[in-house]
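K.L.:
Can you keep this structure in mind? I'll have questions shortly.
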Amino acid sequence: MNHDKIREVIFDNRTFIQNEQIVYRDCQFDDRVNYVLVGLRRAGKSTLLYGRVQELVKNGVSWNQIVYINFEDERLAEFALSDCNDIVQVASELTDEKPCYFFDEIQNIDGWEKFARRMADAKERVYITGSNARMLSREIETTLGARYMAKKIYPYSFAEFLRAKDIPCDKNALSATKSRGKITAACDEYLAHGGFPELFLHTDKRGYLTGVYQKILLGDVALRNGIRNDKALRLLVKKIAESVCSEISYSKLHGILKAIGVTLGKDTLIDYIDYVKDAYLLFTIKNYVAAFAEKESNPKYYFNDNGILNLFLMKGDTAALENVVAVTLSKRYGEELYYFKSAKSGIDVDFYVPQTQTAYQVAYSIEGAARGREVANLEKLAKHFPEAKQFFIVTKEEKEVIRTDKAEIHVVPMYEFLLEKGS
């Protein structure tokens with residue numbers, strides 16, 4: 001391909017990134033590792049790369065070493081796999097130092113995996129993003145082997161959300177009445193609308209979220225997997241949203257759909273759920289004390305962003321609160337996050353993390369009867385399961401320490417929980 005055109009694309013991207021105001025993301029990179037960024041559509045993967053470029057330049061990498069190519073650029077419409085080596089040649093014309101390559105939306109190039117493998121084998125430094133509709137984390141691991149690390153990118157955490165709104169959340173800000181008020185108001189917004197970075201640009205937030213959801217469902221799920229019965233897919237996701245935070249089996253979901261006239265085989269239903277999870281719309285957690293078969297077939301479902309979940313909830317304060325806690329804990333602990341439910345002992349705890357021996361209950365408020373119910377569940381866990389050492393109840397805004405003869409339970413407001421280190 002014409003080198004002047006490639007050089008023009010590189011220089012135009014350089015100018016754009018130089019002038020872009022980037023919200024710092026709590027995402028760490030190792031200079032010795034090549035990355036493929038995956039995650040929910042519109043979670044900010046490309047913008048994260050801009051931030052990484054700015055970080056490298058700040059740490060001494062020259063702009064001539066930065067080779068940023070967005071393969072959705074119309075000037076590269078005819079770009080093919082055979083042209084990829086021209087990028088390397090242009091990079092060598094720009095600098096005698098080791099370049100840093102950033103390939104955005106690389107899935108537009110048929111056979112891109114071969115080029116990506118060759119670059120890694122040549123010990124080049126490479127960062128890649130691509131459409132969820134054509135690049136899945138598990139497929140990347142198979143295709144690229146150990147040459148690249150797949151890094152999952154979420155919408156903003158609450159700390160990042162505050163950073164984007166220019167609201168301080170340090171110790172002093174949390175101690176002062178007015179600044180804490182701004183934090184709690186932002187927390188309400190985050191609980192309702194989630195953390196998609198581009199949401200700040202839209203006054204019609206529900207409209208924006210609806211558009212993102214439609215693109216995920218129709219593009220990243222239906223189109224990618226050849227699903228023709230998109231009505232069944234939509235209703236399945238809707239019913240999962242309506243039962244979010246509750247354990248629900250494949251059989252029960254199958255029965256719910258059948259009752260409203262949706263014909264969908266059970267095996268197909270399971271496939272659809274896997275596809276939706278592959279698109280990072282949903283994730284599941286399993287019962288820590290269940291048998292293996294029940295663990296796999298009777299999970300609890302959560303959405304990776306509260307904004308999309310709230311498209312389905314009429315009045316979902318408690319569900320929305322539990323969902324945002326689930327997302328935060330999932331980011332911290334990944335597959336080591338469970339719920340804990342035992343019919344034998346009567347224990348029903350929302351989240352358990354064996355790694356830290358910590359149990360979490362979620363309640364919008366613990367006033368009235370809710371107090372006794374939430375405390376009793378944690379007390380039963382402490383009594384029957386001595387491995388559990390720490391106990392929390394996450395509420396909308398209440399804070400106290402409850403001491404009983406069985407456990408010390410810390411009641412924390414949502415904003416405080418979300419701003420804990422690692423959230």
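Ligands are numbered from 1 in the order shown, residues from 1 within each chain, and chains are lettered A, B, ... in the order they appear in the structure tokens.
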Residues of region 168-226 of chain A classed as helix (DSSP H, G or I) by DSSP on the backbone are to be reported as a ChimeraX atom specification.

P.N.:
/A:171-175,177-193,197-201,205-225

K.L.:
Please list as an MDAnalysis selection string every residue within 10 Å of region 260-268 of chain A, counting only C-alpha atoms and excluding residues in the same chain fewer than 2 positions away.

P.N.:
chainID A and resid 229 231:233 235:236 250:251 253:258 270:274

K.L.:
Contacts between region 277-282 of chain A and region 39-59 of chain A, please, where a residue of region 39-59 of chain A counts if it comes within 9 Å (with only C-alpha atoms); show its shortest atom pair and distance in Å to one decimal, rows by chain and ascending number, as JSON lines.

P.N.:
{"residue": "A:Gly39", "atom": "CA", "partner": "A:Tyr280", "partner_atom": "CA", "distance": 5.9}
{"residue": "A:Leu40", "atom": "CA", "partner": "A:Tyr280", "partner_atom": "CA", "distance": 5.0}
{"residue": "A:Arg41", "atom": "CA", "partner": "A:Ala279", "partner_atom": "CA", "distance": 8.0}

K.L.:
Using only C-alpha atoms, which protein or nucleic acid residues come within 10 Å of Glu387 (chain A)? Drop anything in the same chain fewer than 2 positions from it, and give the result as a PyMOL selection string.

P.N.:
chain A and resi 354+356-358+381-385+389-390

K.L.:
Keeping only N, CA and C atoms, write those residues as a compact mmCIF listing (two decimals), in the first residue's frame.

P.N.:
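In the end it all went to again.txt:
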# COMPACT_ATOMS: atom_id res chain seq x y z
N PRO A 354 -14.03 -16.63 48.94
CA PRO A 354 -13.18 -17.50 49.75
C PRO A 354 -11.75 -16.99 49.87
N THR A 356 -10.67 -14.06 50.42
CA THR A 356 -10.53 -13.14 51.55
C THR A 356 -11.40 -13.54 52.74
N GLN A 357 -12.11 -14.68 52.61
CA GLN A 357 -12.99 -15.19 53.66
C GLN A 357 -14.04 -14.13 54.07
N THR A 358 -14.59 -13.47 53.05
CA THR A 358 -15.49 -12.35 53.29
C THR A 358 -16.87 -12.60 52.69
N LEU A 381 -24.13 -17.91 58.83
CA LEU A 381 -22.91 -18.23 58.11
C LEU A 381 -21.74 -18.33 59.07
N ALA A 382 -21.62 -17.38 59.98
CA ALA A 382 -20.53 -17.40 60.96
C ALA A 382 -20.60 -18.64 61.84
N LYS A 383 -21.80 -19.05 62.18
CA LYS A 383 -21.98 -20.21 63.06
C LYS A 383 -21.67 -21.52 62.36
N HIS A 384 -22.18 -21.71 61.16
CA HIS A 384 -22.06 -22.99 60.46
C HIS A 384 -20.86 -23.08 59.53
N PHE A 385 -20.22 -21.95 59.25
CA PHE A 385 -19.12 -21.94 58.29
C PHE A 385 -17.98 -21.08 58.85
N LYS A 389 -14.68 -15.07 57.83
CA LYS A 389 -14.12 -14.26 58.91
C LYS A 389 -14.59 -12.80 58.90
N GLN A 390 -14.99 -12.30 57.73
CA GLN A 390 -15.38 -10.89 57.63
C GLN A 390 -16.80 -10.80 57.06

K.L.:
Would you mind listing what lies within 9 Å of Lys98 (chain A) as a PyMOL selection string, with only C-alpha atoms counted and same-chain residues fewer than 4 positions away left out?

P.N.:
chain A and resi 65+91-92+124-125

K.L.:
Between A:Met1, A:Ile308, A:Val36, A:Ile409, which residue has the minimum interatomic distance to Glu139 (chain A), considering only C-alpha atoms?

P.N.:
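Closest residue, counting only C-alpha atoms: A:Val36.
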
K.L.:
Would you return as a ChimeraX atom specification the members of region 279-421 of chain A that DSSP assigns to strand (DSSP E) on this structure's backbone?

P.N.:
/A:282-287,300-303,338-342,347-353,358-362,390-395,400-403,408-413

K.L.:
Which residue is closest to Pro299 (chain A)? Choose from A:Lys182, A:His3, A:Arg25, A:Lys252 and count only C-alpha atoms.

P.N.:
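Smallest separation from Pro299 (chain A) among the options: A:Lys252.
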
K.L.:
Please determine, counting only C-alpha atoms, which residue among A:Glu189, A:Val53, A:Ala343, A:Tyr35 has the shortest atom-to-atom distance to Leu144 (chain A).

P.N.:
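Between A:Glu189, A:Val53, A:Ala343, A:Tyr35, the residue approaching Leu144 (chain A) most closely is A:Tyr35.
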
K.L.:
What is the distance between CA of Gly334 (chain A) and CA of Thr395 (chain A), in Å to one decimal?

P.N.:
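Here the two named atoms are 22.4 Å from each other.
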